[in-house]
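Enquirer: Just dropping this structure here.
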Amino acid sequence: MKRQNVETSKRQDIETSRLGGAGVVVVVLLGVSGFFVAPVVAGDVPRLAIKAGKIITMDDVDTIVNNGVVLLADGEVEAIGKASEITIPDGYRVIDAEDEWVVPGLVDAHDHSAGSLYDLNDSVYLTNPGLRTIDMVVPRNERMEDALAGGVTTVLVIPGSGTNMSGFGTIVKTYGNSVEDVVIRAPGCLKIAQAGNPERYWFGVGRTMMNWNLGQTLEKAKAYHESWTAYEKGETPEAPQYDLVWHGFRGLFEKKYPAGLHTQWYQVYMMSILMLHDRFGLNIVTDHSTFDSYKLASFVKERGMYSVVGPRQFYLDRRDRTINGCAARFAEQGVTRLGINTDAPVVSQKDLSYQAAMACWLGWDDHYAALKSVTRIGAESLLIIDRVGSLEKGKDADVGIWTGSPIDPRSQCKLTIVNGRIAYDAKVRRRY
Amino acid sequence: MIVKDQPLTRPIAERRGRGVGRTRPCPSAVWVAAVAAMAFAIGAPQRASGGDDGRMIVIKAGTVITISGDEIKDAVIVIADGKIDAVGKNVSYPTESKVIDARDLVVMPGLVNPYSAIGLSSISRAGNKSHLKLADAYYPPEDDTYRKLLEAGYTTIGLYVAGSGLPGQGLAVSTHDAKPMSGLKSEGLVRIAFNRPSRDKKVLAGALKAAQEQIDKEKEATSKPAETKKPTTQPKAKDAKPTTQPTSKPSTAPTTKPAGVKAKPKSKKPTVKPEIVPVIALLKKQEGFIALVEFSRASDVVHFEDAVGKHEFRRAYLFSGRRASDVHHVTGHKLLGEAKALVVLPPTLVNMPLTANPYDRVKAFIDAGCEAAVVPAGDTVAEHERIRERLAVLVRAGLDRGDALKAVTLNAAKVLTLDDRLGSIEKGKQADLIFLDGDPLDPFAEVRRVMVGGEMVLDLEKSKR
Amino acid sequence: MRHSLIAIAAVIFASTLGLGGAAFAPSSSGGDATISEPPATTKPDGDKKKRGRKGRRGRKRTDAPTSAPTSGPTTAPTSAPSSQPTTTTTSSGPATQPTSQPDEKKDSYFVLTGGIIHTVAGPDLQDATVLCKNGVIQAIGRSLAVPEDAEILDVSGMHVYPGLVACSSRGIVGSEPPENSTDVFGTNMTLALSGGLSTVVTGNTAAKTTFGTLEGHVLRKDLFVKLSFATGAQKHKVREVLGKVRQYLRDKAAYDKKKADGDGEDDEDAEAPDEGLVKGGNAKYLQLIKKEKTALIQADAQHDLVDVCRLAQDFGIRIVVRGANEGWTVPGLLGRADVKVIVTPRSLPGKNEQINRPTGGSIENAAVMYDHGVDIAVTTGSANVSLRGIAGRDLLNLPMEAAYAVRGGLPEAAAVESITLGAARVLGIADRVGSIEVGKDADFTVCDGEVLDFFTTVQWTIVNGRVAYDKKAESLFGHIRPRTPTTQPAPYKFWPRPFRRPAASE
């Protein structure tokens with residue numbers, strides 16, 4: 001009796017997932033056909049000149065320009081410099097932000113809200129390496145408008161953690177009409193969920209099963225990748241059979257994109273690092289790193305990994321009855337590649353900067369690093385630093401104009417620019 | 001040992017006839033020696049009463065843990081008439097005494113559990129029912145529960161009715177010879193459940209208030225003759241008060257009388273509600289009356305202080321349950337550490353809130369100045385059997401060995417106000433003894449024999465044979 | 001702005017205190033500074049009755065005069081029992097020898113020195129000293145003479161705020177009545193104190209976070225008359241009963257007048273109004289009409305708020321609205337109806353696209369209503385303290401919620417007020433807590449920075465003149481930016497805020 005029920009629900013799951021996929025395809029097609037084109041996005045990208053009180057460029061030498069000018073053209077940053085050095089050419093629309101801070105658009109390395117929210121967890125198998133979140137991206141949804149109001153311009157949409165390996169994530173901009181518009185890179189990462197949530201999978205799997213299963217899946221993927229590599233090098237004459245399920249892993253093993261790891265708690269965190277980083281040599285980004293994961297800071301530091309902390313920000317250590325800020329503890333032990341995330345919609349996407357503020361409150365005594373964690377670090381960890389995460393010449397024109405430091409909850413995001421277009425203007429309709 | 005010049009011809013039987021004989025100035029050992037000498041001289045054995053066959057009982061013990069004093073190696077305990085007559089290294093005794101050879105055993109007082117409901121049917125009462133005595137409704141369990149307790153070394157248990165508020169008066173019984181209508185103590189053990197102040201505070205405060213009013217009334221009645229006429233105006237009454245105030249009364253009496261009492265119509269014999277009577281006895285500090293106040297967490301102490309106010313009565317405090325893990329806040333509290341109170345605790349290490357660090361509550365209270373009694377960690381036979389093991393854990397964690405043993409014997413007896421009869425091996429106390437084949441805190445040591453009132457009620461050696 | 005306030009503090013200060021009924025004499029004039037205690041004869045009796053709960057738990061609150069809040073956006077009708085300002089400056093003796101009556105508890109003194117005192121009711125004071133006696137603020141000023149046995153807490157460089165007030169709480173103190181149920185050693189109380197809270201509301205009772213004691217625990221009971229005013233039927237019922245009660249009062253007045261005026265002949269046909277109308281369940285409505293009590297109504301949507309305002313105006317009753325998410329759409333109405341609100345700035349429900357008018361939440365909600373003269377209190381979305389790990393959304397971070405009101409445009413001073421004096425005013429307890437003034441409860445939140453700053457942690461929380469929380473002594477947050485004897489908090493000012501640059505090697 002029970003077994004029948006299980007089977008029925010499984011069948012239903014498959015059906016719903018198919019339907020969901022179809023729905024998204026329809027949305028994507030409509031988007032491409034221009035059905036959703038909004039007037040703001042249409043037309044040429046305007047040329048913008050921002051007169052800024054303070055520019056936090058977040059470049060690799062941490063340049064901060066006071067009383068500067070940022071020129072944006074063709075969706076890219078054209079120039080940044082002191083107001084005295086740059087003359088604003090004709091034909092630029094001037095944005096007066098002389099009392100404000102200009103910062104790069106914020107980057108969230110862990111988001112679900114750019115998707116449909118309904119097919120986050122296609123829990124068909126324990127590992128679902130073929131799934132891709134690009135199939136469920138909904139550009140310009142309500143939650144993305146919230147993200148823009150919080151100055152967030154780039155997010156990594158990843159599948160949920162309902163299964164051990166729930167598919168490939170997608171890096172998208174928070175503003176744009178079609179999937180083509182918004183996608184920066186697909187696949188953005190491989191989502192792997194360790195322990196915790198996948199244990200709720202309806203077979204009731206445990207950590208031993210998951211680690212074996214994950215290892216097994218990756219071994220297969222590696223074999224597939226190696227067979228193709230051999231063929232491409234001319235070592236084997238015949239092309240291996242193309243398999244959509246495994247093909248996404250090629251970029252992973254070539255380190256073109258990272259594996260995003262849902263992992264937390266000391267033991268799980270350690271197992272994840274040992275297996276994925278050490279055994280398979282993947283480029284991994286740990287997505288939660290909460291609870292007592294910070295006790296493995298030396299692991300992270302040695303391997304030069306990126307740790308992204310959130311949405312939980314503190315952990316009560318019962319051994320000495322202390323409240324420990326996770327980010328603060330990582331930083332204290334010398335981890336500099338430290339990001340902050342929201343796991344939206346667990347924490348609203350607009351609160352990305354507030355997450356960083358809370359990390360500061362909990363002992364991360366570094367205002368600049370906190371701001372860096374939600375801009376440059378996020379982009380670095382996802383290997384998209386060549387496009388977003390800082391304000392440098394030639395990079396995407398993703399800019400937030402704030403009344404003060406974005407980390408301070410009292411500061412307001414007045415204007416958000418994505419790809420050179422004004423995506424959010426608090427004067428028109430303020431959301432946050 | 002000091003030997004005083006006493007008439008040697010006085011027969012023991014005559015002395016026994018006088019009763020306990022605690023008030024006699026000479027140590028009884030002298031008597032024993034004297035009688036022995038006399039008997040030797042006459043050459044005709046004289047039967048003294050005591051033990052089952054009327055003889056005195058002499059225990060030659062490997063070690064005697066007296067609790068009240070030091071541990072004595074190779075000591076002798078002399079028991080006459082069910083009571084301990086002498087204990088020491090070089091104690092003489094009549095030759096015809098019945099000698100129990102326990103030279104390979106350790107002898108200590110029987111254990112006392114001051115708070116239990118074991119074997120009781122599940123009665124639970126709410127509100128102030130302090131006049132209801134468990135002794136009136138008690139019937140010992142028909143199974144071998146008490147036998148098992150006895151085997152575990154428990155010779156005395158205090159039984160209380162469950163419930164909230166003041167659910168009634170408890171009963172202390174011997175596990176060997178529990179009888180329905182009598183016990184070691186059937187009155188005066190008032191239980192105050194205070195583990196949920198939101199429920200119990202009102203009940204207690206109400207009971208105390210009613211009792212105090214009654215006491216004031218009585219006082220007024222006794223002082224009335226001195227008062228010629230009721231004062232008519234308030235200021236006069238105030239002036240009159242100091243003169244009418246009885247000075248010999250205990251200090252618990254309030255300095256001022258509530259105005260409302262005065263105004264009430266005179267009634268020669270006011271009816272006293274029965275449930276108030278035990279509370280009045282408590283407040284008057286009547287002999288044998290003690291309250292056992294049960295708390296479940298540190299905060300309850302503060303609420304209790306609030307509810308009790310300035311009322312004083314004899315009481316012991318019991319911390320039960322897992323929530324009492326935050327008692328470190330109150331070990332030095334005005335009612336506890338400062339007052340050198342008697343505290344009853346389970347022998348378990350608990351984690352302070354939000355921590356994983358176990359700590360020893362018994363030691364914490366003793367360090368703060370309290371006297372500690374220990375109850376089994378649960379009200380089950382198994383926990384009674386494990387009590388020595390649990391204590392050993394506490395001792396390993398830093399509790400003083402003497403304190404640990406005292407907590408299950410003498411201090412536990414104090415909770416039942418039976419510390420003048422039980423709980424230690426000293427002259428005049430009831431001969432409730434247990435014989436162990438090793439140190440009591442050695443988990444491998446077993447209770448080999450148990451003696452209650454001078455009678456060997458359990459003898460594993462014998463039963464094995 | 002704050003600079004100037006502090007600079008002129010000393011000047012305004014004397015006048016502030018003068019208004020409050022206490023005087024202080026700077027010790028420069030001979031070093032014989034005294035703390036004024038108004039003579040007992042000038043004490044109004046009503047004052048005593050209202051302010052001091054007598055009884056076992058009641059503290060002696062008879063020695064401090066009351067002082068009405070001297071500033072604020074609106075005058076508080078609920079606060080300030082009308083004590084006549086005692087202008088007498090007679091001192092009852094040197095402060096070092098407090099007069100204590102026999103049989104009573106010894107007076108306890110508590111002194112805060114060296115901090116930046118944000119009085120909320122008045123200007124900020126630099127390096128001032130606050131002297132508290134028996135849990136009540138007795139004097140504020142520089143160079144005060146301090147009794148020898150006083151407990152002195154040196155808070156040099158720290159920011160001292162009135163104890164924060166949470167308009168609703170769950171699990172911090174016990175459920176009603178809290179004096180019988182609060183776990184005074186509870187973990188949640190410690191956590192609330194670590195968030196700087198000194199007053200919380202449970203059910204309909206305001207209680208203090210008096211850690212370890214029940215003394216002065218309950219601040220006030222029966223704060224509100226809670227009305228259900230959401231459905232049409234409920235609204236109808238409330239209006240109907242209020243109408244009846246009002247009519248009863250009018251009839252009663254007319255009847256009494258008639259009886260008083262009449263010569264006895266007409267009295268026979270005059271019928272006394274039915275007292276049953278104002279008995280039982282209707283008694284609370286009578287209290288509302290008589291303005292003895294304030295109504296508490298949960299309302300968020302615009303139309304509900306409009307109905308609430310009409311109710312307030314039609315019957316002249318005092319109303320506090322909890323929620324008021326769409327208050328920004330009808331701020332003028334709320335202001336005119338003198339409705340007070342308890343808001344959560346970050347409660348931002350989505351816009352209803354079906355309705356052709358502004359709907360949904362707005363981050364500017366608090367600011368807009370404040371601009372229209374509405375008394376606001378800010379509270380967090382979840383009324384508990386949580387150790388789940390998602391930081392910044394519960395009462396551990398009440399000031400952060402107020403910081404979001406600042407983000408919405410509320411002036412910083414008003415934001416601080418909304419979690420202290422403003423909240424107290426909304427709850428009707430502003431005569432006891434909410435500001436640092438002579439005569440008010442000695443509740444302080446001592447921070448190492450401005451309370452709205454996200455780097456700020458609470459260092460001490462003082463409740464009823466007693467240190468209830470010391471960050472250093474409590475392990476929870478003690479290790480975060482540990483306090484050393486020489487710790488001086490960063491001189492946080494407004495923009496540009498200090499901005500730490502990392503080492504170049506990073």
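Naming works like this for the structure tokens: A, B, ... for the chains as they're shown, residue 1 at the start of each chain, ligands 1 onward in shown order.
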Quick one: which residues from chain A are at most 6 Å off chain B, using only C-alpha atoms, as a ChimeraX atom specification?

Expert: /A:318-319,321

Enquirer: Would you give me, as a list in words, the residues of chain C that come within 7 Å of chain A, using only C-alpha atoms?

Expert: Ser362, Ile363, Gly389, Ile390, Ala391, Gly392, Ala403, Tyr404, Val406, Arg407, Phe454, Phe455, Thr456, Ser475, Leu476, Phe477, Ile480, Arg481, Phe499, Arg500 and Arg501 of chain C

Enquirer: For the selection you just gave me, I'd like the residues written to a file as a short mmCIF file (atom, residue, chain, number, x, y, z; two decimals), in the first residue's frame, keeping C-alpha atoms.

Expert:
data_model
loop_
_atom_site.label_atom_id
_atom_site.label_comp_id
_atom_site.auth_asym_id
_atom_site.auth_seq_id
_atom_site.Cartn_x
_atom_site.Cartn_y
_atom_site.Cartn_z
CA SER C 362 7.00 51.08 1.90
CA ILE C 363 10.35 51.48 3.53
CA GLY C 389 21.53 31.91 13.15
CA ILE C 390 19.67 34.17 10.74
CA ALA C 391 20.86 37.40 12.25
CA GLY C 392 19.29 40.80 12.43
CA ALA C 403 18.13 51.93 11.26
CA TYR C 404 15.93 50.74 8.41
CA VAL C 406 16.40 55.85 8.89
CA ARG C 407 16.99 54.32 5.50
CA PHE C 454 25.84 48.14 12.74
CA PHE C 455 29.23 47.88 14.39
CA THR C 456 27.77 48.77 17.74
CA SER C 475 30.40 34.82 27.54
CA LEU C 476 27.95 35.08 24.64
CA PHE C 477 29.19 38.26 22.97
CA ILE C 480 33.39 40.11 19.96
CA ARG C 481 35.44 43.29 19.93
CA PHE C 499 36.53 53.22 6.28
CA ARG C 500 39.20 50.68 6.92
CA ARG C 501 41.36 49.78 3.97
#

Enquirer: Which residue gives the smallest distance to chain B among C:Asn180, C:Gly135, C:Ile140, C:Thr129, with only C-alpha atoms counted?

Expert: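 Among C:Asn180, C:Gly135, C:Ile140, C:Thr129, it is C:Asn180 that comes nearest to chain B.
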
Enquirer: Could you please select, counting only C-alpha atoms, the residues of chain C within 6 Å of chain B and state them as a ChimeraX atom specification?

Expert: /C:180-181,183-185

Enquirer: Go ahead and save the picked residues with N, CA and C atoms, as a PDB file, in the first residue's frame.

Expert:
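Wrote out28.pdb, looks like this:
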ATOM      1  N   ASN C 180       4.466  36.091  38.049  1.00  0.00           N
ATOM      2  CA  ASN C 180       4.314  34.720  38.522  1.00  0.00           C
ATOM      3  C   ASN C 180       4.950  33.709  37.587  1.00  0.00           C
ATOM      4  N   SER C 181       5.461  34.154  36.469  1.00  0.00           N
ATOM      5  CA  SER C 181       5.901  33.145  35.513  1.00  0.00           C
ATOM      6  C   SER C 181       7.262  33.417  34.886  1.00  0.00           C
ATOM      7  N   ASP C 183      10.948  33.555  33.937  1.00  0.00           N
ATOM      8  CA  ASP C 183      12.191  32.886  34.302  1.00  0.00           C
ATOM      9  C   ASP C 183      13.262  33.962  34.400  1.00  0.00           C
ATOM     10  N   VAL C 184      13.530  34.394  35.615  1.00  0.00           N
ATOM     11  CA  VAL C 184      14.422  35.549  35.767  1.00  0.00           C
ATOM     12  C   VAL C 184      15.878  35.207  35.469  1.00  0.00           C
ATOM     13  N   PHE C 185      16.169  33.923  35.344  1.00  0.00           N
ATOM     14  CA  PHE C 185      17.524  33.548  34.944  1.00  0.00           C
ATOM     15  C   PHE C 185      17.519  32.988  33.526  1.00  0.00           C
TER      16      PHE C 185
END

Enquirer: Find the spatial neighbours of Pro440 (chain B), counting only C-alpha atoms, within a cut-off of 12 Å - ignore same-chain residues fewer than 4 positions away - and output them as a PyMOL selection string.

Expert: chain B and resi 63-65+105-111+152-153+386-392+395+401-402+404-406+408+434-436+444-448

Enquirer: Next, write the just-selected residues to a file, as a compact mmCIF listing (two decimals), in the first residue's frame, keeping N, CA, C and O atoms as the atom set.

Expert:
# COMPACT_ATOMS: atom_id res chain seq x y z
N THR B 63 35.38 -1.87 58.60
CA THR B 63 35.40 -0.42 58.60
C THR B 63 34.01 0.06 58.97
O THR B 63 33.02 -0.52 58.53
N VAL B 64 33.96 1.06 59.80
CA VAL B 64 32.68 1.67 60.12
C VAL B 64 32.68 3.11 59.62
O VAL B 64 33.55 3.89 59.98
N ILE B 65 31.74 3.41 58.74
CA ILE B 65 31.60 4.80 58.27
C ILE B 65 30.50 5.40 59.11
O ILE B 65 29.32 5.12 58.94
N LEU B 105 33.82 -6.59 56.03
CA LEU B 105 32.78 -5.73 55.44
C LEU B 105 32.92 -4.29 55.92
O LEU B 105 33.58 -4.01 56.93
N VAL B 106 32.28 -3.44 55.18
CA VAL B 106 32.22 -2.03 55.54
C VAL B 106 30.80 -1.77 56.04
O VAL B 106 29.82 -2.14 55.37
N VAL B 107 30.70 -1.14 57.17
CA VAL B 107 29.37 -0.88 57.74
C VAL B 107 29.09 0.60 57.72
O VAL B 107 29.94 1.42 58.09
N MET B 108 27.94 0.93 57.22
CA MET B 108 27.53 2.34 57.21
C MET B 108 26.04 2.42 57.49
O MET B 108 25.34 1.41 57.45
N PRO B 109 25.56 3.61 57.81
CA PRO B 109 24.12 3.73 58.10
C PRO B 109 23.31 3.39 56.85
O PRO B 109 23.76 3.57 55.73
N GLY B 110 22.11 2.93 57.08
CA GLY B 110 21.22 2.67 55.97
C GLY B 110 20.93 3.95 55.21
O GLY B 110 20.87 5.04 55.78
N LEU B 111 20.77 3.83 53.89
CA LEU B 111 20.53 5.01 53.07
C LEU B 111 19.10 5.51 53.26
O LEU B 111 18.20 4.73 53.55
N ALA B 152 19.23 -2.53 47.76
CA ALA B 152 20.08 -1.44 47.27
C ALA B 152 20.69 -0.64 48.41
O ALA B 152 21.51 0.23 48.19
N GLY B 153 20.25 -0.93 49.62
CA GLY B 153 20.81 -0.24 50.78
C GLY B 153 19.91 0.82 51.38
O GLY B 153 20.26 1.44 52.37
N ARG B 386 21.42 2.37 41.56
CA ARG B 386 22.59 3.02 40.99
C ARG B 386 23.13 4.17 41.82
O ARG B 386 24.07 4.85 41.42
N ILE B 387 22.52 4.42 42.96
CA ILE B 387 22.83 5.66 43.67
C ILE B 387 24.30 5.78 44.03
O ILE B 387 24.91 6.84 43.87
N ARG B 388 24.90 4.67 44.48
CA ARG B 388 26.30 4.76 44.90
C ARG B 388 27.22 5.01 43.70
O ARG B 388 28.20 5.71 43.78
N GLU B 389 26.81 4.41 42.59
CA GLU B 389 27.55 4.61 41.35
C GLU B 389 27.50 6.08 40.93
O GLU B 389 28.51 6.70 40.58
N ARG B 390 26.30 6.64 41.00
CA ARG B 390 26.13 8.06 40.64
C ARG B 390 26.96 8.95 41.56
O ARG B 390 27.58 9.92 41.11
N LEU B 391 26.92 8.62 42.84
CA LEU B 391 27.69 9.44 43.78
C LEU B 391 29.18 9.36 43.46
O LEU B 391 29.89 10.35 43.56
N ALA B 392 29.60 8.16 43.05
CA ALA B 392 31.01 8.00 42.72
C ALA B 392 31.40 8.93 41.57
O ALA B 392 32.49 9.51 41.56
N VAL B 395 31.83 12.29 42.97
CA VAL B 395 33.07 12.39 43.75
C VAL B 395 34.26 12.51 42.80
O VAL B 395 35.19 13.28 43.03
N ARG B 401 34.15 13.23 49.39
CA ARG B 401 33.61 11.89 49.65
C ARG B 401 32.68 11.89 50.86
O ARG B 401 31.59 11.32 50.84
N GLY B 402 33.12 12.57 51.90
CA GLY B 402 32.30 12.64 53.11
C GLY B 402 30.96 13.31 52.84
O GLY B 402 29.92 12.86 53.30
N ALA B 404 29.43 13.43 50.06
CA ALA B 404 28.60 12.57 49.22
C ALA B 404 27.87 11.54 50.07
O ALA B 404 26.68 11.31 49.90
N LEU B 405 28.59 10.93 51.00
CA LEU B 405 27.96 9.90 51.82
C LEU B 405 26.96 10.50 52.80
O LEU B 405 25.91 9.94 53.08
N LYS B 406 27.30 11.67 53.30
CA LYS B 406 26.40 12.34 54.22
C LYS B 406 25.09 12.71 53.51
O LYS B 406 24.02 12.71 54.11
N VAL B 408 23.38 11.13 51.37
CA VAL B 408 22.38 10.08 51.23
C VAL B 408 22.00 9.46 52.57
O VAL B 408 21.19 8.55 52.62
N ILE B 434 23.93 -0.89 56.93
CA ILE B 434 24.15 -1.75 55.77
C ILE B 434 25.60 -2.20 55.77
O ILE B 434 26.50 -1.47 56.20
N PHE B 435 25.79 -3.40 55.30
CA PHE B 435 27.11 -4.02 55.28
C PHE B 435 27.51 -4.22 53.83
O PHE B 435 26.82 -4.90 53.09
N LEU B 436 28.59 -3.60 53.45
CA LEU B 436 29.03 -3.72 52.06
C LEU B 436 30.35 -4.47 52.00
O LEU B 436 31.14 -4.39 52.93
N PHE B 444 31.60 -1.83 42.29
CA PHE B 444 31.55 -3.29 42.35
C PHE B 444 31.18 -3.79 43.74
O PHE B 444 30.89 -4.95 43.93
N ALA B 445 31.23 -2.89 44.70
CA ALA B 445 30.87 -3.29 46.05
C ALA B 445 29.38 -3.59 46.11
O ALA B 445 28.57 -2.92 45.46
N GLU B 446 29.04 -4.59 46.92
CA GLU B 446 27.64 -4.96 47.00
C GLU B 446 27.17 -4.86 48.44
O GLU B 446 27.95 -5.01 49.38
N VAL B 447 25.89 -4.65 48.59
CA VAL B 447 25.30 -4.70 49.92
C VAL B 447 25.11 -6.17 50.27
O VAL B 447 24.38 -6.90 49.60
N ARG B 448 25.82 -6.60 51.33
CA ARG B 448 25.73 -8.03 51.70
C ARG B 448 24.64 -8.24 52.73
O ARG B 448 23.97 -9.25 52.73

Enquirer: Using Å and a single decimal, report how far CA of Ile157 (chain B) sits from CA of Asn113 (chain B).

Expert: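 A separation of 4.6 Å between them.
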
Enquirer: I'd like the neighbourhood of Arg185 (chain A) as a list in words, where a residue qualifies if any of its atoms comes within 10 Å (using only C-alpha atoms), though same-chain residues fewer than 2 positions away should be ignored.

Expert: Ile134, Leu156, Gly169, Thr170, Ile171, Val172, Lys173, Glu180, Val182, Val183, Pro187, Gly188, Cys189, Tyr257, Leu382, Leu383 and Ile384 of chain A

Enquirer: Go ahead and write the residues just picked, C-alpha atoms, as a PDB file, in the first residue's frame.

Expert:
ATOM      1  CA  ILE A 134      18.583  27.958 -16.962  1.00  0.00           C
ATOM      2  CA  LEU A 156      23.961  32.721  -9.253  1.00  0.00           C
ATOM      3  CA  GLY A 169      23.257  26.672 -11.815  1.00  0.00           C
ATOM      4  CA  THR A 170      23.168  29.765 -13.974  1.00  0.00           C
ATOM      5  CA  ILE A 171      24.750  33.134 -13.437  1.00  0.00           C
ATOM      6  CA  VAL A 172      22.303  35.857 -14.375  1.00  0.00           C
ATOM      7  CA  LYS A 173      21.932  39.591 -14.206  1.00  0.00           C
ATOM      8  CA  GLU A 180      19.598  35.597 -23.382  1.00  0.00           C
ATOM      9  CA  VAL A 182      20.328  38.126 -18.422  1.00  0.00           C
ATOM     10  CA  VAL A 183      22.517  35.061 -18.585  1.00  0.00           C
ATOM     11  CA  PRO A 187      26.226  26.552 -16.611  1.00  0.00           C
ATOM     12  CA  GLY A 188      27.337  28.765 -13.787  1.00  0.00           C
ATOM     13  CA  CYS A 189      28.279  26.030 -11.403  1.00  0.00           C
ATOM     14  CA  TYR A 257      33.238  26.872 -13.581  1.00  0.00           C
ATOM     15  CA  LEU A 382      32.236  32.295  -9.703  1.00  0.00           C
ATOM     16  CA  LEU A 383      35.086  33.054 -12.130  1.00  0.00           C
ATOM     17  CA  ILE A 384      33.280  36.038 -13.628  1.00  0.00           C
TER      18      ILE A 384
END

Enquirer: Would you mind listing what lies within 7 Å of Asp85 (chain B) as a list in words, with only C-alpha atoms counted and same-chain residues fewer than 3 positions away left out?

Expert: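 Result of the neighbour search: Ser28, Val78, Ile79, Ala80, Lys427 and Gly428 of chain B.
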
Enquirer: Could you name the residues that touch Val107 (chain A) at 7 Å or less, counting only C-alpha atoms, but leaving out those on the same chain fewer than 5 positions away, as an NGL selection string?

Expert: :A and (152-155 or 374-375 or 378-379 or 389)

Enquirer: One number please: CA of Leu149 (chain B) to CA of Ala412 (chain B), in Å, one decimal.

Expert: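 Taking CA of Leu149 (chain B) and CA of Ala412 (chain B), their separation equals 15.5 Å.
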
Enquirer: What is the distance, in Å and to one decimal place, between CA of Lys106 (chain C) and CA of Arg142 (chain C)?

Expert: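 According to the coordinates, CA of Lys106 (chain C) and CA of Arg142 (chain C) are separated by 25.5 Å.
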